[in-house]
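Novice: Handing over structure04.pdb, PDB, N, CA and C atoms, pLDDT in the B column.
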```pdb
ATOM      1  N   ARG A   9      15.477   7.346  19.062  1.00 64.00           N
ATOM      2  CA  ARG A   9      14.816   7.714  17.833  1.00 64.00           C
ATOM      3  C   ARG A   9      13.586   8.551  18.131  1.00 64.00           C
ATOM      4  N   CYS A  10      13.277   9.412  17.198  1.00 77.00           N
ATOM      5  CA  CYS A  10      12.094  10.255  17.318  1.00 77.00           C
ATOM      6  C   CYS A  10      11.258  10.128  16.056  1.00 77.00           C
ATOM      7  N   GLY A  11      10.041  10.545  16.157  1.00 78.00           N
ATOM      8  CA  GLY A  11       9.189  10.567  14.976  1.00 78.00           C
ATOM      9  C   GLY A  11       8.144   9.475  14.994  1.00 78.00           C
ATOM     10  N   ILE A  12       7.364   9.456  13.954  1.00 81.00           N
ATOM     11  CA  ILE A  12       6.274   8.506  13.810  1.00 81.00           C
ATOM     12  C   ILE A  12       6.569   7.628  12.604  1.00 81.00           C
ATOM     13  N   PRO A  13       6.551   6.294  12.781  1.00 78.00           N
ATOM     14  CA  PRO A  13       6.771   5.409  11.637  1.00 78.00           C
ATOM     15  C   PRO A  13       5.650   5.572  10.602  1.00 78.00           C
ATOM     16  N   VAL A  14       6.024   5.639   9.356  1.00 83.00           N
ATOM     17  CA  VAL A  14       5.041   5.756   8.276  1.00 83.00           C
ATOM     18  C   VAL A  14       5.420   4.809   7.145  1.00 83.00           C
ATOM     19  N   ALA A  15       4.455   4.491   6.313  1.00 85.00           N
ATOM     20  CA  ALA A  15       4.690   3.683   5.119  1.00 85.00           C
ATOM     21  C   ALA A  15       3.811   4.237   4.008  1.00 85.00           C
ATOM     22  N   VAL A  16       4.316   4.189   2.797  1.00 93.00           N
ATOM     23  CA  VAL A  16       3.545   4.643   1.644  1.00 93.00           C
ATOM     24  C   VAL A  16       3.451   3.487   0.659  1.00 93.00           C
ATOM     25  N   ILE A  17       2.240   3.144   0.309  1.00 94.00           N
ATOM     26  CA  ILE A  17       1.997   2.105  -0.692  1.00 94.00           C
ATOM     27  C   ILE A  17       1.037   2.705  -1.708  1.00 94.00           C
ATOM     28  N   SER A  18       1.384   2.611  -2.962  1.00 93.00           N
ATOM     29  CA  SER A  18       0.492   3.154  -3.987  1.00 93.00           C
ATOM     30  C   SER A  18       0.165   2.076  -5.015  1.00 93.00           C
ATOM     31  N   VAL A  19      -0.977   2.232  -5.625  1.00 92.00           N
ATOM     32  CA  VAL A  19      -1.409   1.313  -6.674  1.00 92.00           C
ATOM     33  C   VAL A  19      -0.844   1.816  -7.996  1.00 92.00           C
ATOM     34  N   PRO A  20      -0.134   0.963  -8.736  1.00 90.00           N
ATOM     35  CA  PRO A  20       0.390   1.403 -10.026  1.00 90.00           C
ATOM     36  C   PRO A  20      -0.756   1.669 -11.013  1.00 90.00           C
ATOM     37  N   CYS A  21      -0.786   2.876 -11.542  1.00 93.00           N
ATOM     38  CA  CYS A  21      -1.820   3.235 -12.519  1.00 93.00           C
ATOM     39  C   CYS A  21      -1.273   4.331 -13.427  1.00 93.00           C
ATOM     40  N   ARG A  22      -1.981   4.584 -14.501  1.00 94.00           N
ATOM     41  CA  ARG A  22      -1.548   5.578 -15.480  1.00 94.00           C
ATOM     42  C   ARG A  22      -2.637   6.618 -15.698  1.00 94.00           C
ATOM     43  N   TYR A  23      -2.214   7.785 -16.084  1.00 95.00           N
ATOM     44  CA  TYR A  23      -3.109   8.880 -16.477  1.00 95.00           C
ATOM     45  C   TYR A  23      -4.059   9.289 -15.345  1.00 95.00           C
ATOM     46  N   ILE A  24      -3.566   9.309 -14.102  1.00 91.00           N
ATOM     47  CA  ILE A  24      -4.449   9.600 -12.973  1.00 91.00           C
ATOM     48  C   ILE A  24      -4.915  11.056 -12.938  1.00 91.00           C
ATOM     49  N   HIS A  25      -4.234  11.940 -13.646  1.00 94.00           N
ATOM     50  CA  HIS A  25      -4.640  13.348 -13.654  1.00 94.00           C
ATOM     51  C   HIS A  25      -5.445  13.708 -14.899  1.00 94.00           C
ATOM     52  N   SER A  26      -5.926  12.714 -15.600  1.00 95.00           N
ATOM     53  CA  SER A  26      -6.777  12.961 -16.764  1.00 95.00           C
ATOM     54  C   SER A  26      -8.205  12.519 -16.421  1.00 95.00           C
ATOM     55  N   PRO A  27      -9.161  12.817 -17.269  1.00 95.00           N
ATOM     56  CA  PRO A  27     -10.545  12.420 -16.964  1.00 95.00           C
ATOM     57  C   PRO A  27     -10.735  10.909 -16.794  1.00 95.00           C
ATOM     58  N   VAL A  28      -9.868  10.118 -17.431  1.00 93.00           N
ATOM     59  CA  VAL A  28      -9.982   8.659 -17.334  1.00 93.00           C
ATOM     60  C   VAL A  28      -8.620   8.083 -16.969  1.00 93.00           C
ATOM     61  N   GLY A  29      -8.550   7.335 -15.875  1.00 93.00           N
ATOM     62  CA  GLY A  29      -7.315   6.674 -15.478  1.00 93.00           C
ATOM     63  C   GLY A  29      -7.326   5.221 -15.925  1.00 93.00           C
ATOM     64  N   VAL A  30      -6.146   4.617 -15.958  1.00 96.00           N
ATOM     65  CA  VAL A  30      -6.012   3.223 -16.368  1.00 96.00           C
ATOM     66  C   VAL A  30      -5.373   2.448 -15.229  1.00 96.00           C
ATOM     67  N   LEU A  31      -5.968   1.303 -14.911  1.00 95.00           N
ATOM     68  CA  LEU A  31      -5.523   0.504 -13.783  1.00 95.00           C
ATOM     69  C   LEU A  31      -5.664  -0.964 -14.135  1.00 95.00           C
ATOM     70  N   ASN A  32      -4.657  -1.751 -13.818  1.00 96.00           N
ATOM     71  CA  ASN A  32      -4.739  -3.195 -13.973  1.00 96.00           C
ATOM     72  C   ASN A  32      -5.391  -3.745 -12.709  1.00 96.00           C
ATOM     73  N   LEU A  33      -6.526  -4.416 -12.844  1.00 96.00           N
ATOM     74  CA  LEU A  33      -7.251  -4.916 -11.672  1.00 96.00           C
ATOM     75  C   LEU A  33      -6.436  -5.933 -10.884  1.00 96.00           C
ATOM     76  N   ASN A  34      -5.556  -6.669 -11.547  1.00 97.00           N
ATOM     77  CA  ASN A  34      -4.681  -7.603 -10.839  1.00 97.00           C
ATOM     78  C   ASN A  34      -3.696  -6.840  -9.954  1.00 97.00           C
ATOM     79  N   ASP A  35      -3.170  -5.715 -10.442  1.00 96.00           N
ATOM     80  CA  ASP A  35      -2.291  -4.875  -9.619  1.00 96.00           C
ATOM     81  C   ASP A  35      -3.028  -4.381  -8.382  1.00 96.00           C
ATOM     82  N   LEU A  36      -4.288  -3.995  -8.548  1.00 96.00           N
ATOM     83  CA  LEU A  36      -5.087  -3.535  -7.418  1.00 96.00           C
ATOM     84  C   LEU A  36      -5.280  -4.653  -6.398  1.00 96.00           C
ATOM     85  N   ALA A  37      -5.621  -5.838  -6.865  1.00 97.00           N
ATOM     86  CA  ALA A  37      -5.829  -6.977  -5.964  1.00 97.00           C
ATOM     87  C   ALA A  37      -4.546  -7.325  -5.214  1.00 97.00           C
ATOM     88  N   LEU A  38      -3.418  -7.298  -5.899  1.00 96.00           N
ATOM     89  CA  LEU A  38      -2.144  -7.613  -5.244  1.00 96.00           C
ATOM     90  C   LEU A  38      -1.737  -6.523  -4.262  1.00 96.00           C
ATOM     91  N   THR A  39      -2.072  -5.278  -4.546  1.00 96.00           N
ATOM     92  CA  THR A  39      -1.792  -4.189  -3.610  1.00 96.00           C
ATOM     93  C   THR A  39      -2.605  -4.370  -2.335  1.00 96.00           C
ATOM     94  N   VAL A  40      -3.855  -4.772  -2.476  1.00 96.00           N
ATOM     95  CA  VAL A  40      -4.696  -5.038  -1.304  1.00 96.00           C
ATOM     96  C   VAL A  40      -4.104  -6.175  -0.479  1.00 96.00           C
ATOM     97  N   LYS A  41      -3.628  -7.230  -1.146  1.00 97.00           N
ATOM     98  CA  LYS A  41      -3.006  -8.349  -0.426  1.00 97.00           C
ATOM     99  C   LYS A  41      -1.740  -7.903   0.296  1.00 97.00           C
ATOM    100  N   LEU A  42      -0.955  -7.034  -0.332  1.00 96.00           N
ATOM    101  CA  LEU A  42       0.261  -6.515   0.289  1.00 96.00           C
ATOM    102  C   LEU A  42      -0.072  -5.728   1.550  1.00 96.00           C
ATOM    103  N   ILE A  43      -1.053  -4.851   1.468  1.00 95.00           N
ATOM    104  CA  ILE A  43      -1.450  -4.057   2.636  1.00 95.00           C
ATOM    105  C   ILE A  43      -1.969  -4.964   3.743  1.00 95.00           C
ATOM    106  N   ASP A  44      -2.763  -5.963   3.384  1.00 96.00           N
ATOM    107  CA  ASP A  44      -3.291  -6.905   4.369  1.00 96.00           C
ATOM    108  C   ASP A  44      -2.151  -7.641   5.075  1.00 96.00           C
ATOM    109  N   ALA A  45      -1.187  -8.135   4.317  1.00 95.00           N
ATOM    110  CA  ALA A  45      -0.049  -8.845   4.912  1.00 95.00           C
ATOM    111  C   ALA A  45       0.779  -7.916   5.794  1.00 95.00           C
ATOM    112  N   PHE A  46       0.973  -6.686   5.362  1.00 92.00           N
ATOM    113  CA  PHE A  46       1.733  -5.703   6.130  1.00 92.00           C
ATOM    114  C   PHE A  46       1.062  -5.431   7.471  1.00 92.00           C
ATOM    115  N   LEU A  47      -0.253  -5.204   7.447  1.00 92.00           N
ATOM    116  CA  LEU A  47      -0.977  -4.907   8.685  1.00 92.00           C
ATOM    117  C   LEU A  47      -1.032  -6.116   9.614  1.00 92.00           C
ATOM    118  N   ARG A  48      -1.175  -7.306   9.058  1.00 94.00           N
ATOM    119  CA  ARG A  48      -1.177  -8.517   9.896  1.00 94.00           C
ATOM    120  C   ARG A  48       0.188  -8.721  10.554  1.00 94.00           C
ATOM    121  N   ASP A  49       1.258  -8.429   9.830  1.00 91.00           N
ATOM    122  CA  ASP A  49       2.604  -8.558  10.392  1.00 91.00           C
ATOM    123  C   ASP A  49       2.810  -7.570  11.533  1.00 91.00           C
ATOM    124  N   ILE A  50       2.357  -6.345  11.354  1.00 89.00           N
ATOM    125  CA  ILE A  50       2.462  -5.349  12.426  1.00 89.00           C
ATOM    126  C   ILE A  50       1.652  -5.795  13.638  1.00 89.00           C
ATOM    127  N   GLU A  51       0.470  -6.353  13.384  1.00 89.00           N
ATOM    128  CA  GLU A  51      -0.387  -6.811  14.477  1.00 89.00           C
ATOM    129  C   GLU A  51       0.292  -7.926  15.274  1.00 89.00           C
ATOM    130  N   GLN A  52       0.998  -8.819  14.596  1.00 90.00           N
ATOM    131  CA  GLN A  52       1.651  -9.950  15.258  1.00 90.00           C
ATOM    132  C   GLN A  52       2.957  -9.558  15.935  1.00 90.00           C
ATOM    133  N   ARG A  53       3.786  -8.784  15.248  1.00 87.00           N
ATOM    134  CA  ARG A  53       5.133  -8.496  15.758  1.00 87.00           C
ATOM    135  C   ARG A  53       5.314  -7.093  16.294  1.00 87.00           C
ATOM    136  N   GLY A  54       4.362  -6.215  16.055  1.00 83.00           N
ATOM    137  CA  GLY A  54       4.508  -4.832  16.485  1.00 83.00           C
ATOM    138  C   GLY A  54       5.331  -4.045  15.481  1.00 83.00           C
ATOM    139  N   LEU A  55       5.449  -2.769  15.741  1.00 76.00           N
ATOM    140  CA  LEU A  55       6.227  -1.900  14.856  1.00 76.00           C
ATOM    141  C   LEU A  55       7.713  -2.063  15.132  1.00 76.00           C
ATOM    142  N   PRO A  56       8.536  -2.164  14.088  1.00 67.00           N
ATOM    143  CA  PRO A  56       9.990  -2.279  14.282  1.00 67.00           C
ATOM    144  C   PRO A  56      10.607  -0.922  14.614  1.00 67.00           C
ATOM    145  N   ILE A  57      10.626  -0.603  15.888  1.00 62.00           N
ATOM    146  CA  ILE A  57      11.173   0.696  16.310  1.00 62.00           C
ATOM    147  C   ILE A  57      12.529   0.490  16.954  1.00 62.00           C
TER     148      ILE A  57
END
```
Output the file's structure in the form of structure tokens.

Specialist:
Amino acid sequence: RCGIPVAVISVPCRYIHSPVGVLNLNDLALTVKLIDAFLRDIEQRGLPI
């Protein structure tokens, strides 16, 4: 295999290209928890290559 492993995680939000965006703070908190769990898993088990 070749290449660099990548992952994309985005926070669900609306109207991001307007002067005011809308975001559910619970969605933001859960996204942070997801990223934290993902990084901890990589730290423990390494990258699945």

Novice: Given the file shown, enumerate the residues that the PyMOL selection byres (((chain A and resi 15-18 and name CA) around 10) and name CA) captures and present them as a VMD selection string.

Specialist: chain A and resid 13 to 14 19 to 21 36 39 to 40 42 to 43 46

Novice: Those same residues - N, CA and C atoms - I'd like them written as a PDB file, keeping the file's coordinate frame.

Specialist:
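File produced: selection_19.pdb:
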```pdb
ATOM      1  N   PRO A  13       6.551   6.294  12.781  1.00 78.00           N
ATOM      2  CA  PRO A  13       6.771   5.409  11.637  1.00 78.00           C
ATOM      3  C   PRO A  13       5.650   5.572  10.602  1.00 78.00           C
ATOM      4  N   VAL A  14       6.024   5.639   9.356  1.00 83.00           N
ATOM      5  CA  VAL A  14       5.041   5.756   8.276  1.00 83.00           C
ATOM      6  C   VAL A  14       5.420   4.809   7.145  1.00 83.00           C
ATOM      7  N   VAL A  19      -0.977   2.232  -5.625  1.00 92.00           N
ATOM      8  CA  VAL A  19      -1.409   1.313  -6.674  1.00 92.00           C
ATOM      9  C   VAL A  19      -0.844   1.816  -7.996  1.00 92.00           C
ATOM     10  N   PRO A  20      -0.134   0.963  -8.736  1.00 90.00           N
ATOM     11  CA  PRO A  20       0.390   1.403 -10.026  1.00 90.00           C
ATOM     12  C   PRO A  20      -0.756   1.669 -11.013  1.00 90.00           C
ATOM     13  N   CYS A  21      -0.786   2.876 -11.542  1.00 93.00           N
ATOM     14  CA  CYS A  21      -1.820   3.235 -12.519  1.00 93.00           C
ATOM     15  C   CYS A  21      -1.273   4.331 -13.427  1.00 93.00           C
ATOM     16  N   LEU A  36      -4.288  -3.995  -8.548  1.00 96.00           N
ATOM     17  CA  LEU A  36      -5.087  -3.535  -7.418  1.00 96.00           C
ATOM     18  C   LEU A  36      -5.280  -4.653  -6.398  1.00 96.00           C
ATOM     19  N   THR A  39      -2.072  -5.278  -4.546  1.00 96.00           N
ATOM     20  CA  THR A  39      -1.792  -4.189  -3.610  1.00 96.00           C
ATOM     21  C   THR A  39      -2.605  -4.370  -2.335  1.00 96.00           C
ATOM     22  N   VAL A  40      -3.855  -4.772  -2.476  1.00 96.00           N
ATOM     23  CA  VAL A  40      -4.696  -5.038  -1.304  1.00 96.00           C
ATOM     24  C   VAL A  40      -4.104  -6.175  -0.479  1.00 96.00           C
ATOM     25  N   LEU A  42      -0.955  -7.034  -0.332  1.00 96.00           N
ATOM     26  CA  LEU A  42       0.261  -6.515   0.289  1.00 96.00           C
ATOM     27  C   LEU A  42      -0.072  -5.728   1.550  1.00 96.00           C
ATOM     28  N   ILE A  43      -1.053  -4.851   1.468  1.00 95.00           N
ATOM     29  CA  ILE A  43      -1.450  -4.057   2.636  1.00 95.00           C
ATOM     30  C   ILE A  43      -1.969  -4.964   3.743  1.00 95.00           C
ATOM     31  N   PHE A  46       0.973  -6.686   5.362  1.00 92.00           N
ATOM     32  CA  PHE A  46       1.733  -5.703   6.130  1.00 92.00           C
ATOM     33  C   PHE A  46       1.062  -5.431   7.471  1.00 92.00           C
TER      34      PHE A  46
END
```

Novice: Step by step, gather every atom of stretch 48-52 of chain A that the file lists, find the box along x, y and z that holds them, add 6 Å on each side, and finally give centre and edge lengths in Å to one decimal, as lines of an AutoDock Vina configuration file.

Specialist:
```
center_x = 0.9
center_y = -7.6
center_z = 12.5
size_x = 16.1
size_y = 16.6
size_z = 18.9
```

Novice: Mind pulling up the distance from atom CA of A:Leu55 to atom C of A:Gly11?

Specialist: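 Calculated distance between atom C of A:Gly11 and atom CA of A:Leu55 is 11.5 Å.
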
Novice: Enter the distance from atom N of A:Asp49 to atom C of A:Leu31, in Å, rounded to one decimal.

Specialist: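 Separation between atom N of A:Asp49 and atom C of A:Leu31: 26.0 Å.
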
Novice: How far is it from atom N of A:Asn34 to atom CA of A:Arg22, in Å with one decimal?

Specialist: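 Answer for the atom N of A:Asn34 to atom CA of A:Arg22 separation: 13.5 Å.
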
Novice: Give the strand (DSSP E or B) residues of chain A, as DSSP finds them on the backbone, and put them as a ChimeraX atom specification.

Specialist: /A:21-22,30-31

Novice: Could you write out, as a list in words, all the residues of chain A that DSSP marks as helix (DSSP H, G or I)?

Specialist: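 Selecting the helix (DSSP H, G or I) positions of chain A gives Leu33, Asn34, Asp35, Leu36, Ala37, Leu38, Thr39, Val40, Lys41, Leu42, Ile43, Asp44, Ala45, Phe46, Leu47, Arg48, Asp49, Ile50, Glu51, Gln52 and Arg53 of chain A.
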